>>> print(open('query.txt').read())   # compact mmCIF, C-alpha atoms and all ligand atoms
# COMPACT_ATOMS: atom_id res chain seq x y z
CA MET A 1 126.55 22.87 39.93
CA ASP A 2 125.38 23.06 43.55
CA THR A 3 127.77 20.32 44.71
CA PHE A 4 130.72 21.94 42.93
CA VAL A 5 129.92 25.37 44.37
CA GLN A 6 129.42 23.88 47.82
CA ALA A 7 132.76 22.04 47.69
CA GLN A 8 134.63 25.09 46.37
CA GLU A 9 132.88 27.67 48.53
CA ALA A 10 135.89 28.55 50.69
CA PRO A 11 138.41 29.12 47.85
CA ILE A 12 135.78 31.00 45.77
CA ARG A 13 135.05 33.36 48.65
CA LEU A 14 138.69 33.78 49.64
CA GLY A 15 139.65 34.52 46.02
CA PHE A 16 137.02 37.25 45.63
CA PHE A 17 137.82 38.64 49.07
CA LEU A 18 141.56 38.94 48.42
CA GLY A 19 141.03 40.31 44.89
CA THR A 20 138.59 43.03 45.98
CA PHE A 21 140.65 43.84 49.06
CA ALA A 22 143.83 44.28 46.98
CA VAL A 23 142.11 46.57 44.44
CA MET A 24 140.45 48.77 47.09
CA ALA A 25 143.54 48.89 49.32
CA LEU A 26 145.71 49.99 46.38
CA TRP A 27 143.13 52.57 45.27
CA GLU A 28 142.83 54.19 48.71
CA TRP A 29 146.59 54.11 49.19
CA LEU A 30 147.20 55.90 45.86
CA ALA A 31 144.33 58.40 46.13
CA PRO A 32 142.87 58.62 49.66
CA ARG A 33 139.60 60.55 50.07
CA ARG A 34 140.27 61.62 53.71
CA ARG A 35 143.40 61.86 55.83
CA LEU A 36 143.56 59.07 58.40
CA THR A 37 143.61 60.18 62.05
CA VAL A 38 145.59 57.18 63.32
CA SER A 39 148.40 55.24 61.64
CA LYS A 40 147.30 52.92 58.89
CA ALA A 41 149.66 50.11 59.99
CA MET A 42 148.20 50.18 63.51
CA ARG A 43 144.58 50.25 62.31
CA TRP A 44 145.12 47.48 59.84
CA ALA A 45 146.92 45.20 62.30
CA HIS A 46 144.02 45.42 64.77
CA ASN A 47 141.12 45.47 62.29
CA ILE A 48 142.53 42.54 60.31
CA GLY A 49 143.32 40.74 63.58
CA LEU A 50 139.61 40.97 64.40
CA VAL A 51 138.67 39.63 60.95
CA VAL A 52 141.00 36.64 61.41
CA LEU A 53 139.54 35.97 64.87
CA ASN A 54 135.98 36.13 63.47
CA THR A 55 136.83 33.76 60.63
CA VAL A 56 138.24 31.21 63.08
CA VAL A 57 135.23 31.54 65.44
CA LEU A 58 132.78 31.09 62.55
CA ARG A 59 134.60 28.07 61.12
CA LEU A 60 134.74 26.43 64.55
CA LEU A 61 131.10 27.08 65.43
CA PHE A 62 129.54 26.62 62.00
CA PRO A 63 131.90 24.54 59.83
CA ALA A 64 129.24 24.06 57.12
CA ALA A 65 128.40 27.80 57.09
CA ALA A 66 125.44 29.32 55.24
CA VAL A 67 126.13 27.21 52.16
CA GLY A 68 125.76 24.02 54.21
CA MET A 69 122.50 25.33 55.59
CA SER A 70 121.11 26.05 52.11
CA ALA A 71 122.12 22.55 50.87
CA PHE A 72 120.36 21.12 53.91
CA ALA A 73 117.24 23.20 53.20
CA THR A 74 117.27 22.22 49.51
CA GLU A 75 117.55 18.49 50.34
CA GLY A 76 114.73 18.72 52.84
CA GLY A 77 112.57 20.79 50.48
CA TRP A 78 112.43 23.56 53.10
CA GLY A 79 111.62 27.17 52.47
CA LEU A 80 109.31 29.18 50.28
CA LEU A 81 111.26 28.90 47.02
CA ASN A 82 111.65 25.11 47.34
CA HIS A 83 108.08 24.66 48.42
CA LEU A 84 106.69 26.67 45.50
CA ASP A 85 109.10 25.00 43.04
CA VAL A 86 110.22 28.38 41.70
CA PRO A 87 112.45 27.86 38.59
CA PHE A 88 116.20 28.36 39.11
CA TRP A 89 116.79 31.83 37.62
CA PRO A 90 113.85 33.66 39.21
CA ALA A 91 114.64 31.85 42.48
CA LEU A 92 118.26 33.03 42.24
CA ALA A 93 117.30 36.68 41.66
CA LEU A 94 114.57 36.67 44.31
CA ALA A 95 116.83 35.01 46.86
CA VAL A 96 119.70 37.49 46.42
CA VAL A 97 117.35 40.50 46.72
CA ALA A 98 115.45 39.00 49.69
CA MET A 99 118.64 38.13 51.60
CA ASP A 100 119.89 41.67 51.04
CA PHE A 101 116.65 43.05 52.47
CA VAL A 102 117.06 40.86 55.57
CA ILE A 103 120.61 42.21 56.05
CA TRP A 104 119.21 45.75 55.80
CA LEU A 105 116.52 44.96 58.40
CA GLN A 106 119.14 43.39 60.66
CA HIS A 107 121.27 46.52 60.36
CA VAL A 108 118.32 48.73 61.36
CA LEU A 109 117.66 46.35 64.28
CA VAL A 110 121.20 46.58 65.66
CA HIS A 111 120.90 50.37 65.65
CA ALA A 112 117.45 50.38 67.23
CA VAL A 113 117.88 47.95 70.11
CA PRO A 114 120.26 49.36 72.75
CA GLN A 115 121.91 46.03 73.68
CA LEU A 116 122.52 45.19 70.03
CA TRP A 117 123.84 48.69 69.38
CA ARG A 118 126.52 47.91 72.00
CA LEU A 119 127.78 45.13 69.71
CA HIS A 120 127.41 47.14 66.52
CA ARG A 121 129.36 50.04 68.10
CA VAL A 122 132.53 48.11 67.26
CA HIS A 123 131.84 48.71 63.56
CA HIS A 124 131.06 52.40 64.13
CA ALA A 125 133.76 53.27 66.67
CA ASP A 126 136.48 53.13 64.00
CA LEU A 127 137.99 56.64 63.98
CA ASP A 128 138.71 56.36 60.28
CA TYR A 129 136.89 54.83 57.35
CA ASP A 130 138.67 52.46 55.01
CA VAL A 131 138.49 49.01 53.40
CA THR A 132 139.21 47.26 56.73
CA THR A 133 136.27 49.04 58.44
CA GLY A 134 133.97 47.05 56.17
CA ALA A 135 134.83 43.75 57.88
CA ARG A 136 135.21 45.08 61.42
CA PHE A 137 132.47 43.54 63.58
CA HIS A 138 132.39 42.14 67.10
CA PRO A 139 132.48 38.28 67.13
CA ILE A 140 129.10 38.15 68.91
CA GLU A 141 127.53 40.29 66.17
CA ILE A 142 129.09 37.95 63.58
CA ILE A 143 127.55 34.91 65.33
CA LEU A 144 124.17 36.63 65.62
CA SER A 145 124.39 37.54 61.96
CA MET A 146 125.06 33.92 61.01
CA LEU A 147 122.08 32.68 63.06
CA ILE A 148 119.80 35.22 61.34
CA LYS A 149 121.20 34.04 58.00
CA PHE A 150 120.42 30.40 58.89
CA ALA A 151 116.85 31.31 59.80
CA THR A 152 116.44 33.32 56.59
CA ILE A 153 117.72 30.39 54.51
CA ALA A 154 115.38 27.95 56.27
CA VAL A 155 112.36 30.17 55.57
CA LEU A 156 113.36 31.24 52.06
CA GLY A 157 114.93 28.03 50.67
CA PRO A 158 117.36 29.75 48.25
CA PRO A 159 119.45 27.78 45.71
CA VAL A 160 122.96 27.05 47.08
CA VAL A 161 124.47 29.13 44.27
CA ALA A 162 122.37 32.14 45.34
CA VAL A 163 123.82 31.98 48.84
CA VAL A 164 127.39 31.91 47.52
CA ILE A 165 126.69 34.76 45.05
CA PHE A 166 125.06 36.78 47.80
CA GLU A 167 127.93 36.31 50.24
CA VAL A 168 130.60 37.10 47.64
CA LEU A 169 128.63 40.16 46.48
CA LEU A 170 128.02 41.47 50.00
CA ASN A 171 131.65 40.98 50.94
CA ALA A 172 132.90 42.77 47.81
CA THR A 173 130.43 45.67 48.03
CA ALA A 174 131.14 46.15 51.75
CA MET A 175 134.85 46.53 51.00
CA PHE A 176 134.06 48.82 48.06
CA ASN A 177 131.74 51.15 49.97
CA HIS A 178 133.89 51.35 53.10
CA ALA A 179 136.96 52.30 51.07
CA ASN A 180 138.59 55.68 51.59
CA VAL A 181 138.20 56.57 47.92
CA ARG A 182 136.66 59.28 45.78
CA LEU A 183 134.41 58.64 42.80
CA PRO A 184 133.54 61.46 40.36
CA VAL A 185 130.29 63.07 41.60
CA SER A 186 128.33 62.21 38.43
CA LEU A 187 129.47 58.57 38.52
CA ASP A 188 128.60 58.31 42.23
CA ARG A 189 125.13 59.73 41.58
CA TRP A 190 124.47 57.22 38.81
CA LEU A 191 126.05 54.26 40.60
CA ARG A 192 124.01 54.75 43.78
CA TRP A 193 120.89 53.63 41.95
CA PHE A 194 122.42 50.14 41.75
CA VAL A 195 124.92 49.75 44.58
CA VAL A 196 125.78 51.55 47.81
CA THR A 197 128.76 53.83 47.05
CA PRO A 198 131.53 54.95 49.46
CA ASP A 199 130.04 58.47 49.74
CA MET A 200 126.60 57.02 50.48
CA HIS A 201 127.72 54.68 53.26
CA ARG A 202 130.22 57.16 54.77
CA VAL A 203 127.21 59.25 55.91
CA HIS A 204 126.24 56.27 58.08
CA HIS A 205 129.60 56.43 59.92
CA SER A 206 129.15 60.04 61.05
CA VAL A 207 129.28 60.87 64.79
CA GLU A 208 126.00 62.77 64.28
CA ASP A 209 123.19 60.47 65.39
CA ASP A 210 120.72 61.48 62.69
CA GLU A 211 123.33 60.79 60.01
CA ALA A 212 124.38 57.47 61.58
CA ASN A 213 120.71 56.47 61.54
CA SER A 214 120.59 56.77 57.74
CA ASN A 215 121.86 54.72 54.79
CA PHE A 216 121.72 51.27 56.39
CA GLY A 217 122.33 49.48 53.06
CA PHE A 218 125.54 47.50 52.61
CA ASN A 219 124.94 46.33 49.07
CA LEU A 220 121.66 47.29 47.32
CA PRO A 221 120.78 50.98 47.83
CA TRP A 222 117.02 50.65 47.29
CA TRP A 223 115.82 49.86 50.81
CA ASP A 224 116.92 53.20 52.26
CA ARG A 225 115.22 55.11 49.46
CA LEU A 226 112.03 53.04 49.66
CA LEU A 227 111.76 53.03 53.43
CA GLY A 228 112.74 56.63 54.21
CA THR A 229 116.22 56.30 55.69
CA TYR A 230 118.14 57.68 52.72
CA ARG A 231 120.43 60.68 53.19
CA ASP A 232 122.30 62.13 50.26
CA GLN A 233 125.40 63.75 51.84
CA PRO A 234 126.80 64.52 55.32
CA ARG A 235 126.19 68.08 56.63
CA GLY A 236 129.89 68.65 57.27
CA GLY A 237 130.99 67.39 53.83
CA HIS A 238 133.00 64.23 53.28
CA GLU A 239 136.34 65.78 54.25
CA GLY A 240 134.95 67.80 57.17
CA MET A 241 132.65 65.26 58.83
CA THR A 242 133.78 63.38 61.95
CA ILE A 243 133.77 59.59 61.72
CA GLY A 244 133.09 57.34 64.71
CA ILE A 245 131.14 57.59 67.96
CA ARG A 246 131.35 60.77 70.01
CA ALA A 247 131.75 59.07 73.40
CA TYR A 248 134.52 56.67 72.37
CA ARG A 249 137.61 58.31 70.87
CA LYS A 250 140.62 56.75 72.68
CA PRO A 251 142.71 54.46 70.44
CA GLY A 252 143.00 51.95 73.32
CA GLU A 253 139.21 51.61 73.31
CA VAL A 254 138.40 51.85 69.64
CA SER A 255 141.49 50.90 67.64
CA TRP A 256 143.25 48.14 69.58
CA LEU A 257 141.90 44.61 69.43
CA PRO A 258 141.43 44.04 73.21
CA GLY A 259 139.58 47.37 73.42
CA LEU A 260 137.36 46.38 70.48
CA LEU A 261 136.44 43.07 72.09
CA ALA A 262 135.59 44.81 75.37
CA LEU A 263 133.72 47.75 73.79
CA PRO A 264 130.18 46.23 73.96
CA PHE A 265 130.58 45.78 77.72
CA ARG A 266 131.73 49.33 78.49
CA GLY A 267 129.59 52.12 79.88
CA LYS A 268 126.13 52.16 81.38
CA ILE A 269 122.94 51.83 79.43
CA SER A 270 122.30 55.48 78.82
CA GLY A 271 119.14 57.34 78.00
CA TYR A 272 119.21 55.74 74.58
CA VAL A 273 115.63 55.31 73.46
CA ILE A 274 114.64 54.30 69.94
CA ASN A 275 113.95 57.43 67.85
CA ARG A 276 114.99 59.77 70.66
CA ARG A 277 118.66 60.18 69.87
CA ARG A 278 120.03 63.69 69.68
CA TRP A 279 122.62 65.35 67.54
CA GLU A 280 124.62 68.43 68.35
CA GLY A 281 122.33 70.84 66.52
CA GLY A 282 119.12 69.82 68.26
CA ILE A 283 116.66 66.95 68.23
CA ALA A 284 116.80 64.81 65.13
CA GLU A 285 113.60 64.58 63.15
ZN ZN B 1 125.57 50.69 61.35
ZN ZN B 2 129.69 50.50 57.76
>>> encode(input="query.txt", output="structure tokens", more="lines below")
Ligand SMILES: [Zn+2]
Ligand SMILES: [Zn+2]
Amino acid sequence: MDTFVQAQEAPIRLGFFLGTFAVMALWEWLAPRRRLTVSKAMRWAHNIGLVVLNTVVLRLLFPAAAVGMSAFATEGGWGLLNHLDVPFWPALALAVVAMDFVIWLQHVLVHAVPQLWRLHRVHHADLDYDVTTGARFHPIEIILSMLIKFATIAVLGPPVVAVVIFEVLLNATAMFNHANVRLPVSLDRWLRWFVVTPDMHRVHHSVEDDEANSNFGFNLPWWDRLLGTYRDQPRGGHEGMTIGIRAYRKPGEVSWLPGLLALPFRGKISGYVINRRRWEGGIAE
């Protein structure tokens, strides 16, 4: 099964990506949750342009991708799960959950370290919040992310199938929870025990620093609840809240592709100190 999955990795991922994208794009087009502040055609052209650029960069730098790395680790008997000879199904479940936790930690890290926040600003500077926001990352953050993934795979030794399932799942849930859609409140409340919902992750895209430093999950919602970074709703409500970063609001800087690529290199290192960020209403707890 591993060889088949490894050989078919690209079409499997592309198929799930296009399928989920189409469903979410149609949903938010038919019933948008918030009004967009800039034109959808313009946002999409630049956000999708960045996604295409990232895909090319990744394929050029790491043609074998994470799946290749996990096949390599399996062959060499590397990693905890290989070393301990954990049976396939428990290894699969453990690997998916552990990789999700690493992604959560990485997300906290890129908020906490000022130089990494510069890169991650590209994801947050989007003035609106829709399905394309979910894949909008600076190429250097994408490369860093891949290197962290390689290291995780080498230490963990997950089955190849687990890596593919994890990547497909993360991709699909990121598009789902960045979508500009509305779920019934009761469904949202129930669903957020199992997966990060759009209302849960939207809080993380607020201009308010204390809200942006909450809900770091992209896929499984448990880490924020367990580790104290969970926030139920935005103070201003989902329609009233402001999305983005307060200091960067010009479309040339935050919506157009050249501006997005240059964004990490703009501005001075400010008084940003871990845990000392402020929001409008006072000092965050
Ligand atoms: Zn973030
Ligand atoms: Zn996000």
>>> closest_residue(input="query.txt", among="A:Phe137, A:Tyr248, A:Asn47, A:Leu156", to="Ala91 in chain A", atoms="all atoms listed in the file")
A:Leu156
>>> residues_around(input="query.txt", residues="Ala125 in chain A", least_positions_apart="3", cutoff="12 Å", atoms="only C-alpha atoms", output="VMD selection string")
chain A and resid 47 117 to 122 128 to 129 133 136 to 138 204 to 207 212 242 to 256 259 to 261 263 to 264
>>> write_last_selection(input="query.txt", atoms="C-alpha atoms", output="PDB file, in the coordinates of the input")
ATOM      1  CA  ASN A  47     141.120  45.470  62.290  1.00  0.00           C
ATOM      2  CA  TRP A 117     123.840  48.690  69.380  1.00  0.00           C
ATOM      3  CA  ARG A 118     126.520  47.910  72.000  1.00  0.00           C
ATOM      4  CA  LEU A 119     127.780  45.130  69.710  1.00  0.00           C
ATOM      5  CA  HIS A 120     127.410  47.140  66.520  1.00  0.00           C
ATOM      6  CA  ARG A 121     129.360  50.040  68.100  1.00  0.00           C
ATOM      7  CA  VAL A 122     132.530  48.110  67.260  1.00  0.00           C
ATOM      8  CA  ASP A 128     138.710  56.360  60.280  1.00  0.00           C
ATOM      9  CA  TYR A 129     136.890  54.830  57.350  1.00  0.00           C
ATOM     10  CA  THR A 133     136.270  49.040  58.440  1.00  0.00           C
ATOM     11  CA  ARG A 136     135.210  45.080  61.420  1.00  0.00           C
ATOM     12  CA  PHE A 137     132.470  43.540  63.580  1.00  0.00           C
ATOM     13  CA  HIS A 138     132.390  42.140  67.100  1.00  0.00           C
ATOM     14  CA  HIS A 204     126.240  56.270  58.080  1.00  0.00           C
ATOM     15  CA  HIS A 205     129.600  56.430  59.920  1.00  0.00           C
ATOM     16  CA  SER A 206     129.150  60.040  61.050  1.00  0.00           C
ATOM     17  CA  VAL A 207     129.280  60.870  64.790  1.00  0.00           C
ATOM     18  CA  ALA A 212     124.380  57.470  61.580  1.00  0.00           C
ATOM     19  CA  THR A 242     133.780  63.380  61.950  1.00  0.00           C
ATOM     20  CA  ILE A 243     133.770  59.590  61.720  1.00  0.00           C
ATOM     21  CA  GLY A 244     133.090  57.340  64.710  1.00  0.00           C
ATOM     22  CA  ILE A 245     131.140  57.590  67.960  1.00  0.00           C
ATOM     23  CA  ARG A 246     131.350  60.770  70.010  1.00  0.00           C
ATOM     24  CA  ALA A 247     131.750  59.070  73.400  1.00  0.00           C
ATOM     25  CA  TYR A 248     134.520  56.670  72.370  1.00  0.00           C
ATOM     26  CA  ARG A 249     137.610  58.310  70.870  1.00  0.00           C
ATOM     27  CA  LYS A 250     140.620  56.750  72.680  1.00  0.00           C
ATOM     28  CA  PRO A 251     142.710  54.460  70.440  1.00  0.00           C
ATOM     29  CA  GLY A 252     143.000  51.950  73.320  1.00  0.00           C
ATOM     30  CA  GLU A 253     139.210  51.610  73.310  1.00  0.00           C
ATOM     31  CA  VAL A 254     138.400  51.850  69.640  1.00  0.00           C
ATOM     32  CA  SER A 255     141.490  50.900  67.640  1.00  0.00           C
ATOM     33  CA  TRP A 256     143.250  48.140  69.580  1.00  0.00           C
ATOM     34  CA  GLY A 259     139.580  47.370  73.420  1.00  0.00           C
ATOM     35  CA  LEU A 260     137.360  46.380  70.480  1.00  0.00           C
ATOM     36  CA  LEU A 261     136.440  43.070  72.090  1.00  0.00           C
ATOM     37  CA  LEU A 263     133.720  47.750  73.790  1.00  0.00           C
ATOM     38  CA  PRO A 264     130.180  46.230  73.960  1.00  0.00           C
TER      39      PRO A 264
END
>>> atom_distance(input="query.txt", atom1="CA of Asp126 in chain A", atom2="CA of Pro198 in chain A")
15.5 Å
>>> closest_residue(input="query.txt", among="A:Leu147, A:Asp210, A:Ala64, A:Arg202", to="Gly240 in chain A", atoms="all atoms listed in the file")
A:Arg202
>>> closest_residue(input="query.txt", among="A:Val108, A:Leu183, A:Val195, A:Ala162", to="Pro90 in chain A", atoms="all atoms listed in the file")
A:Ala162
>>> closest_residue(input="query.txt", among="A:Pro158, A:Phe218, A:Asp224, A:Phe62", to="Asp85 in chain A", atoms="only C-alpha atoms")
A:Pro158
>>> atom_distance(input="query.txt", atom1="CA of Ile165 in chain A", atom2="CA of Glu9 in chain A")
10.0 Å
>>> residues_around(input="query.txt", residues="Leu220 in chain A", least_positions_apart="5", cutoff="9 Å", atoms="all atoms listed in the file", output="PyMOL selection string")
chain A and resi 97+100-101+104+173+192-196
>>> atom_distance(input="query.txt", atom1="CA of Phe216 in chain A", atom2="CA of Asn171 in chain A")
15.3 Å
